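Here is the file start.pdb (PDB, N, CA and C atoms).
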```pdb
MODEL        1
ATOM      1  N   MET A   1     -37.243 -67.019  21.510
ATOM      2  CA  MET A   1     -36.449 -67.719  20.525
ATOM      3  C   MET A   1     -34.982 -67.486  20.856
ATOM      4  N   LYS A   2     -34.183 -68.514  20.704
ATOM      5  CA  LYS A   2     -32.751 -68.388  20.932
ATOM      6  C   LYS A   2     -32.145 -67.511  19.837
ATOM      7  N   ARG A   3     -31.239 -66.648  20.246
ATOM      8  CA  ARG A   3     -30.579 -65.728  19.316
ATOM      9  C   ARG A   3     -29.872 -66.475  18.199
ATOM     10  N   ARG A   4     -29.158 -67.539  18.555
ATOM     11  CA  ARG A   4     -28.411 -68.290  17.544
ATOM     12  C   ARG A   4     -29.331 -68.935  16.511
ATOM     13  N   ASP A   5     -30.564 -69.318  16.913
ATOM     14  CA  ASP A   5     -31.527 -69.894  15.966
ATOM     15  C   ASP A   5     -32.010 -68.839  14.975
ATOM     16  N   LEU A   6     -32.238 -67.626  15.462
ATOM     17  CA  LEU A   6     -32.674 -66.539  14.582
ATOM     18  C   LEU A   6     -31.555 -66.155  13.612
ATOM     19  N   ILE A   7     -30.328 -66.106  14.092
ATOM     20  CA  ILE A   7     -29.193 -65.776  13.226
ATOM     21  C   ILE A   7     -28.993 -66.856  12.173
ATOM     22  N   LYS A   8     -29.141 -68.103  12.568
ATOM     23  CA  LYS A   8     -29.011 -69.216  11.606
ATOM     24  C   LYS A   8     -30.079 -69.086  10.514
ATOM     25  N   LEU A   9     -31.294 -68.730  10.910
ATOM     26  CA  LEU A   9     -32.387 -68.543   9.950
ATOM     27  C   LEU A   9     -32.091 -67.381   9.004
ATOM     28  N   LEU A  10     -31.571 -66.279   9.534
ATOM     29  CA  LEU A  10     -31.197 -65.142   8.691
ATOM     30  C   LEU A  10     -30.135 -65.549   7.676
ATOM     31  N   GLU A  11     -29.102 -66.241   8.143
ATOM     32  CA  GLU A  11     -28.001 -66.632   7.256
ATOM     33  C   GLU A  11     -28.444 -67.644   6.201
ATOM     34  N   GLU A  12     -29.357 -68.548   6.550
ATOM     35  CA  GLU A  12     -29.894 -69.504   5.573
ATOM     36  C   GLU A  12     -30.661 -68.789   4.468
ATOM     37  N   ASN A  13     -31.179 -67.605   4.770
ATOM     38  CA  ASN A  13     -31.964 -66.843   3.803
ATOM     39  C   ASN A  13     -31.174 -65.711   3.158
ATOM     40  N   GLY A  14     -29.847 -65.792   3.210
ATOM     41  CA  GLY A  14     -29.012 -64.869   2.453
ATOM     42  C   GLY A  14     -28.494 -63.652   3.190
ATOM     43  N   PHE A  15     -28.797 -63.504   4.468
ATOM     44  CA  PHE A  15     -28.272 -62.371   5.225
ATOM     45  C   PHE A  15     -26.834 -62.655   5.631
ATOM     46  N   GLU A  16     -26.021 -61.616   5.633
ATOM     47  CA  GLU A  16     -24.619 -61.741   6.026
ATOM     48  C   GLU A  16     -24.325 -60.786   7.166
ATOM     49  N   PHE A  17     -23.489 -61.220   8.090
ATOM     50  CA  PHE A  17     -23.072 -60.384   9.209
ATOM     51  C   PHE A  17     -22.258 -59.217   8.665
ATOM     52  N   VAL A  18     -22.578 -57.994   9.096
ATOM     53  CA  VAL A  18     -21.874 -56.803   8.637
ATOM     54  C   VAL A  18     -20.964 -56.276   9.729
ATOM     55  N   ARG A  19     -21.546 -55.997  10.902
ATOM     56  CA  ARG A  19     -20.744 -55.423  11.978
ATOM     57  C   ARG A  19     -21.495 -55.500  13.298
ATOM     58  N   ASN A  20     -20.748 -55.231  14.369
ATOM     59  CA  ASN A  20     -21.332 -55.140  15.698
ATOM     60  C   ASN A  20     -21.713 -53.700  15.962
ATOM     61  N   GLY A  21     -22.861 -53.504  16.569
ATOM     62  CA  GLY A  21     -23.245 -52.190  17.048
ATOM     63  C   GLY A  21     -22.977 -52.142  18.542
ATOM     64  N   GLY A  22     -23.552 -51.191  19.240
ATOM     65  CA  GLY A  22     -23.356 -51.090  20.680
ATOM     66  C   GLY A  22     -23.879 -52.320  21.401
ATOM     67  N   ASN A  23     -25.153 -52.602  21.272
ATOM     68  CA  ASN A  23     -25.779 -53.759  21.901
ATOM     69  C   ASN A  23     -26.447 -54.656  20.868
ATOM     70  N   HIS A  24     -26.113 -54.457  19.591
ATOM     71  CA  HIS A  24     -26.773 -55.175  18.514
ATOM     72  C   HIS A  24     -25.747 -55.645  17.485
ATOM     73  N   ASP A  25     -26.152 -56.624  16.688
ATOM     74  CA  ASP A  25     -25.378 -57.039  15.520
ATOM     75  C   ASP A  25     -26.192 -56.681  14.288
ATOM     76  N   ILE A  26     -25.516 -56.336  13.208
ATOM     77  CA  ILE A  26     -26.199 -55.897  11.985
ATOM     78  C   ILE A  26     -25.960 -56.925  10.882
ATOM     79  N   TYR A  27     -27.057 -57.339  10.264
ATOM     80  CA  TYR A  27     -27.022 -58.293   9.158
ATOM     81  C   TYR A  27     -27.651 -57.633   7.945
ATOM     82  N   LYS A  28     -27.116 -57.923   6.758
ATOM     83  CA  LYS A  28     -27.632 -57.328   5.521
ATOM     84  C   LYS A  28     -27.837 -58.385   4.452
ATOM     85  N   ARG A  29     -28.824 -58.112   3.597
ATOM     86  CA  ARG A  29     -29.082 -58.885   2.379
ATOM     87  C   ARG A  29     -29.472 -57.861   1.336
ATOM     88  N   GLY A  30     -28.530 -57.550   0.459
ATOM     89  CA  GLY A  30     -28.776 -56.500  -0.523
ATOM     90  C   GLY A  30     -29.001 -55.178   0.179
ATOM     91  N   ASN A  31     -30.168 -54.563  -0.052
ATOM     92  CA  ASN A  31     -30.494 -53.289   0.595
ATOM     93  C   ASN A  31     -31.188 -53.466   1.934
ATOM     94  N   GLU A  32     -31.572 -54.704   2.266
ATOM     95  CA  GLU A  32     -32.280 -54.954   3.518
ATOM     96  C   GLU A  32     -31.300 -55.053   4.671
ATOM     97  N   LYS A  33     -31.642 -54.406   5.778
ATOM     98  CA  LYS A  33     -30.788 -54.437   6.966
ATOM     99  C   LYS A  33     -31.625 -54.898   8.146
ATOM    100  N   GLU A  34     -31.089 -55.820   8.926
ATOM    101  CA  GLU A  34     -31.788 -56.283  10.122
ATOM    102  C   GLU A  34     -30.859 -56.161  11.320
ATOM    103  N   VAL A  35     -31.366 -55.572  12.392
ATOM    104  CA  VAL A  35     -30.597 -55.357  13.605
ATOM    105  C   VAL A  35     -31.073 -56.371  14.645
ATOM    106  N   ILE A  36     -30.135 -57.167  15.169
ATOM    107  CA  ILE A  36     -30.457 -58.223  16.131
ATOM    108  C   ILE A  36     -29.808 -57.887  17.468
ATOM    109  N   GLU A  37     -30.605 -57.878  18.527
ATOM    110  CA  GLU A  37     -30.065 -57.589  19.852
ATOM    111  C   GLU A  37     -29.087 -58.682  20.273
ATOM    112  N   ARG A  38     -28.168 -58.321  21.114
ATOM    113  CA  ARG A  38     -27.165 -59.277  21.570
ATOM    114  C   ARG A  38     -27.554 -59.821  22.942
ATOM    115  N   HIS A  39     -28.675 -60.542  22.995
ATOM    116  CA  HIS A  39     -29.146 -61.228  24.199
ATOM    117  C   HIS A  39     -29.290 -62.694  23.838
ATOM    118  N   ASN A  40     -29.184 -63.581  24.823
ATOM    119  CA  ASN A  40     -29.319 -65.014  24.533
ATOM    120  C   ASN A  40     -30.710 -65.350  24.032
ATOM    121  N   GLU A  41     -31.713 -64.696  24.579
ATOM    122  CA  GLU A  41     -33.096 -64.916  24.173
ATOM    123  C   GLU A  41     -33.647 -63.664  23.503
ATOM    124  N   ILE A  42     -34.218 -63.847  22.332
ATOM    125  CA  ILE A  42     -34.905 -62.759  21.631
ATOM    126  C   ILE A  42     -36.392 -62.909  21.972
ATOM    127  N   PRO A  43     -37.068 -61.844  22.391
ATOM    128  CA  PRO A  43     -38.505 -61.956  22.694
ATOM    129  C   PRO A  43     -39.267 -62.554  21.505
ATOM    130  N   GLU A  44     -40.184 -63.460  21.809
ATOM    131  CA  GLU A  44     -40.911 -64.210  20.778
ATOM    132  C   GLU A  44     -41.614 -63.296  19.784
ATOM    133  N   MET A  45     -42.266 -62.239  20.264
ATOM    134  CA  MET A  45     -42.974 -61.332  19.360
ATOM    135  C   MET A  45     -42.010 -60.634  18.400
ATOM    136  N   LEU A  46     -40.842 -60.228  18.888
ATOM    137  CA  LEU A  46     -39.848 -59.577  18.045
ATOM    138  C   LEU A  46     -39.331 -60.544  16.991
ATOM    139  N   ALA A  47     -39.042 -61.773  17.392
ATOM    140  CA  ALA A  47     -38.551 -62.776  16.447
ATOM    141  C   ALA A  47     -39.586 -63.035  15.356
ATOM    142  N   LYS A  48     -40.850 -63.146  15.741
ATOM    143  CA  LYS A  48     -41.911 -63.391  14.756
ATOM    144  C   LYS A  48     -42.039 -62.228  13.776
ATOM    145  N   LYS A  49     -41.901 -60.984  14.285
ATOM    146  CA  LYS A  49     -41.989 -59.815  13.406
ATOM    147  C   LYS A  49     -40.837 -59.793  12.403
ATOM    148  N   ILE A  50     -39.633 -60.133  12.856
ATOM    149  CA  ILE A  50     -38.474 -60.168  11.958
ATOM    150  C   ILE A  50     -38.674 -61.236  10.896
ATOM    151  N   ILE A  51     -39.121 -62.418  11.307
ATOM    152  CA  ILE A  51     -39.339 -63.521  10.367
ATOM    153  C   ILE A  51     -40.384 -63.146   9.329
ATOM    154  N   LYS A  52     -41.482 -62.533   9.763
ATOM    155  CA  LYS A  52     -42.548 -62.141   8.835
ATOM    156  C   LYS A  52     -42.096 -61.011   7.925
ATOM    157  N   ARG A  53     -41.425 -59.991   8.490
ATOM    158  CA  ARG A  53     -40.998 -58.822   7.711
ATOM    159  C   ARG A  53     -40.021 -59.208   6.609
ATOM    160  N   ARG A  54     -39.145 -60.150   6.869
ATOM    161  CA  ARG A  54     -38.122 -60.553   5.905
ATOM    162  C   ARG A  54     -38.475 -61.833   5.144
ATOM    163  N   ASN A  55     -39.672 -62.354   5.336
ATOM    164  CA  ASN A  55     -40.129 -63.567   4.650
ATOM    165  C   ASN A  55     -39.103 -64.692   4.790
ATOM    166  N   LEU A  56     -38.671 -64.955   6.003
ATOM    167  CA  LEU A  56     -37.665 -65.986   6.249
ATOM    168  C   LEU A  56     -38.312 -67.358   6.257
ATOM    169  N   ILE A  57     -37.680 -68.298   5.575
ATOM    170  CA  ILE A  57     -38.168 -69.654   5.481
ATOM    171  C   ILE A  57     -37.105 -70.584   6.023
ATOM    172  N   LYS A  58     -37.529 -71.538   6.860
ATOM    173  CA  LYS A  58     -36.583 -72.515   7.383
ATOM    174  C   LYS A  58     -36.262 -73.520   6.298
ATOM    175  N   LYS A  59     -34.973 -73.673   6.009
ATOM    176  CA  LYS A  59     -34.522 -74.611   4.979
ATOM    177  C   LYS A  59     -33.908 -75.828   5.661
ATOM    178  N   ASP A  60     -34.291 -76.998   5.196
ATOM    179  CA  ASP A  60     -33.763 -78.238   5.792
ATOM    180  C   ASP A  60     -32.569 -78.764   5.039
TER     181      ASP A  60
ENDMDL
END
```

Now that the file is in, can you turn its structure into structure tokens?
Amino acid sequence: MKRRDLIKLLEENGFEFVRNGGNHDIYKRGNEKEVIERHNEIPEMLAKKIIKRRNLIKKD
């Protein structure tokens, strides 16, 4: 999955960019924190786990 697509999905579901880490970016929604690697492609299994863990829904 493209990194920008995953970030767009996070932001559509209320996550906000907090800060840059060493090789990651940190997004938060309330008490929930999600760490996204800074690569152009996020491995498909990792993206699916993040989507399932945070109950992310694509909004049109």

Check your understanding: What is the atom CA of A:Asn20-atom N of A:Asp60 distance in Å, reported with one decimal?
Key -> 27.5 Å

Review point. Leaving out A:Glu44 and any residue of its chain fewer than 5 positions from it, which residues lie within 8 Å of it when counting all atoms listed in the file, given as a ChimeraX atom specification?
Key: /A:1-2,49-50

Write out as a PDB file with N, CA and C atoms, keeping the file's coordinate frame the residues lying within 10 Å of A:Ile42, counting only C-alpha atoms and excluding same-chain residues fewer than 6 positions away.
```pdb
ATOM      1  N   MET A   1     -37.243 -67.019  21.510  1.00  0.00           N
ATOM      2  CA  MET A   1     -36.449 -67.719  20.525  1.00  0.00           C
ATOM      3  C   MET A   1     -34.982 -67.486  20.856  1.00  0.00           C
ATOM      4  N   LYS A   2     -34.183 -68.514  20.704  1.00  0.00           N
ATOM      5  CA  LYS A   2     -32.751 -68.388  20.932  1.00  0.00           C
ATOM      6  C   LYS A   2     -32.145 -67.511  19.837  1.00  0.00           C
ATOM      7  N   ARG A   3     -31.239 -66.648  20.246  1.00  0.00           N
ATOM      8  CA  ARG A   3     -30.579 -65.728  19.316  1.00  0.00           C
ATOM      9  C   ARG A   3     -29.872 -66.475  18.199  1.00  0.00           C
ATOM     10  N   ARG A   4     -29.158 -67.539  18.555  1.00  0.00           N
ATOM     11  CA  ARG A   4     -28.411 -68.290  17.544  1.00  0.00           C
ATOM     12  C   ARG A   4     -29.331 -68.935  16.511  1.00  0.00           C
ATOM     13  N   ASP A   5     -30.564 -69.318  16.913  1.00  0.00           N
ATOM     14  CA  ASP A   5     -31.527 -69.894  15.966  1.00  0.00           C
ATOM     15  C   ASP A   5     -32.010 -68.839  14.975  1.00  0.00           C
ATOM     16  N   LEU A   6     -32.238 -67.626  15.462  1.00  0.00           N
ATOM     17  CA  LEU A   6     -32.674 -66.539  14.582  1.00  0.00           C
ATOM     18  C   LEU A   6     -31.555 -66.155  13.612  1.00  0.00           C
ATOM     19  N   ILE A  36     -30.135 -57.167  15.169  1.00  0.00           N
ATOM     20  CA  ILE A  36     -30.457 -58.223  16.131  1.00  0.00           C
ATOM     21  C   ILE A  36     -29.808 -57.887  17.468  1.00  0.00           C
ATOM     22  N   LYS A  48     -40.850 -63.146  15.741  1.00  0.00           N
ATOM     23  CA  LYS A  48     -41.911 -63.391  14.756  1.00  0.00           C
ATOM     24  C   LYS A  48     -42.039 -62.228  13.776  1.00  0.00           C
TER      25      LYS A  48
END
```

**Study point:** Evaluate the PyMOL selection byres ((chain A and resi 57) around 6.5) and report residues as a list of chain:residue names
**Key:**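 Evaluating the PyMOL selection byres ((chain A and resi 57) around 6.5) on this file yields A:Leu9, A:Asn13, A:Asn55, A:Leu56, A:Lys58, A:Lys59.
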
Check your understanding: So how many Å separate atom C of A:Arg29 and atom N of A:Met45, to one decimal?
Key -> 23.3 Å

Exercise for review: Just list the residues in stretch 6-52 of chain A DSSP gives helix (DSSP H, G or I) on the backbone, as a ChimeraX atom specification.
Suggested key: /A:6-12,44-52

Practice item. Kindly give the distance, in Å, that separates atom N of A:Glu41 and atom N of A:Glu12, rounded to a single decimal. Key: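 Calculated distance between atom N of A:Glu41 and atom N of A:Glu12 is 18.6 Å.
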
Review point. In chain A, what's strand (DSSP E) per DSSP? Answer as a count of residues only?
Key: 17

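Using the PyMOL selection byres ((chain A and resi 38) around 7) on this structure selects Asn23, His24, Asp25, Ile36, Glu37, His39, Asn40 and Glu41 of chain A.
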
Exercise for review: Give me the result of the PyMOL selection byres ((chain A and resi 16) around 7) on this file, residue by residue, as a PyMOL selection string.
Suggested key: chain A and resi 10-11+14-15+17-19+26-29

What does stretch 21-42 of chain A look like written to a file with N, CA, C and O atoms, as a compact mmCIF listing (two decimals), in the first residue's frame?
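Dumped to selection-v8.txt:
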```txt
# COMPACT_ATOMS: atom_id res chain seq x y z
N GLY A 21 9.46 10.94 13.90
CA GLY A 21 10.40 10.17 14.70
C GLY A 21 11.66 9.98 13.87
O GLY A 21 11.86 10.67 12.87
N GLY A 22 12.51 9.05 14.24
CA GLY A 22 13.73 8.80 13.49
C GLY A 22 13.43 8.36 12.07
O GLY A 22 13.81 9.00 11.11
N ASN A 23 12.73 7.26 11.91
CA ASN A 23 12.37 6.73 10.60
C ASN A 23 10.86 6.58 10.47
O ASN A 23 10.39 5.87 9.59
N HIS A 24 10.11 7.22 11.37
CA HIS A 24 8.66 7.06 11.41
C HIS A 24 7.98 8.41 11.62
O HIS A 24 8.61 9.35 12.09
N ASP A 25 6.70 8.46 11.28
CA ASP A 25 5.86 9.61 11.62
C ASP A 25 4.83 9.12 12.62
O ASP A 25 4.38 7.98 12.56
N ILE A 26 4.43 10.00 13.53
CA ILE A 26 3.49 9.62 14.60
C ILE A 26 2.17 10.37 14.40
O ILE A 26 2.17 11.59 14.21
N TYR A 27 1.09 9.60 14.42
CA TYR A 27 -0.26 10.15 14.28
C TYR A 27 -1.05 9.77 15.52
O TYR A 27 -0.88 8.68 16.05
N LYS A 28 -1.92 10.68 15.97
CA LYS A 28 -2.73 10.42 17.17
C LYS A 28 -4.19 10.76 16.92
O LYS A 28 -4.52 11.66 16.16
N ARG A 29 -5.04 10.02 17.64
CA ARG A 29 -6.48 10.29 17.71
C ARG A 29 -6.86 10.01 19.15
O ARG A 29 -6.97 8.87 19.58
N GLY A 30 -7.03 11.08 19.91
CA GLY A 30 -7.30 10.92 21.34
C GLY A 30 -6.12 10.24 22.01
O GLY A 30 -5.00 10.71 21.94
N ASN A 31 -6.38 9.08 22.64
CA ASN A 31 -5.31 8.33 23.31
C ASN A 31 -4.63 7.33 22.39
O ASN A 31 -3.63 6.73 22.77
N GLU A 32 -5.18 7.13 21.19
CA GLU A 32 -4.61 6.16 20.26
C GLU A 32 -3.44 6.77 19.51
O GLU A 32 -3.50 7.90 19.04
N LYS A 33 -2.36 6.00 19.40
CA LYS A 33 -1.17 6.46 18.68
C LYS A 33 -0.81 5.44 17.63
O LYS A 33 -0.84 4.23 17.90
N GLU A 34 -0.53 5.90 16.42
CA GLU A 34 -0.11 5.00 15.35
C GLU A 34 1.20 5.50 14.76
O GLU A 34 1.35 6.68 14.48
N VAL A 35 2.15 4.60 14.62
CA VAL A 35 3.47 4.93 14.09
C VAL A 35 3.55 4.39 12.66
O VAL A 35 3.32 3.21 12.43
N ILE A 36 3.85 5.28 11.71
CA ILE A 36 3.90 4.92 10.30
C ILE A 36 5.33 5.08 9.80
O ILE A 36 5.93 6.14 9.95
N GLU A 37 5.86 4.03 9.19
CA GLU A 37 7.22 4.09 8.66
C GLU A 37 7.29 5.11 7.53
O GLU A 37 6.30 5.34 6.85
N ARG A 38 8.45 5.65 7.34
CA ARG A 38 8.64 6.66 6.29
C ARG A 38 9.25 6.01 5.05
O ARG A 38 10.37 6.32 4.65
N HIS A 39 8.51 5.10 4.43
CA HIS A 39 8.89 4.45 3.18
C HIS A 39 7.77 4.72 2.19
O HIS A 39 6.61 4.91 2.59
N ASN A 40 8.08 4.72 0.90
CA ASN A 40 7.04 4.97 -0.10
C ASN A 40 5.98 3.88 -0.09
O ASN A 40 4.81 4.15 -0.30
N GLU A 41 6.40 2.65 0.13
CA GLU A 41 5.48 1.52 0.18
C GLU A 41 5.46 0.94 1.59
O GLU A 41 6.50 0.66 2.17
N ILE A 42 4.26 0.78 2.12
CA ILE A 42 4.07 0.11 3.41
C ILE A 42 3.73 -1.35 3.09
O ILE A 42 2.85 -1.59 2.26
```
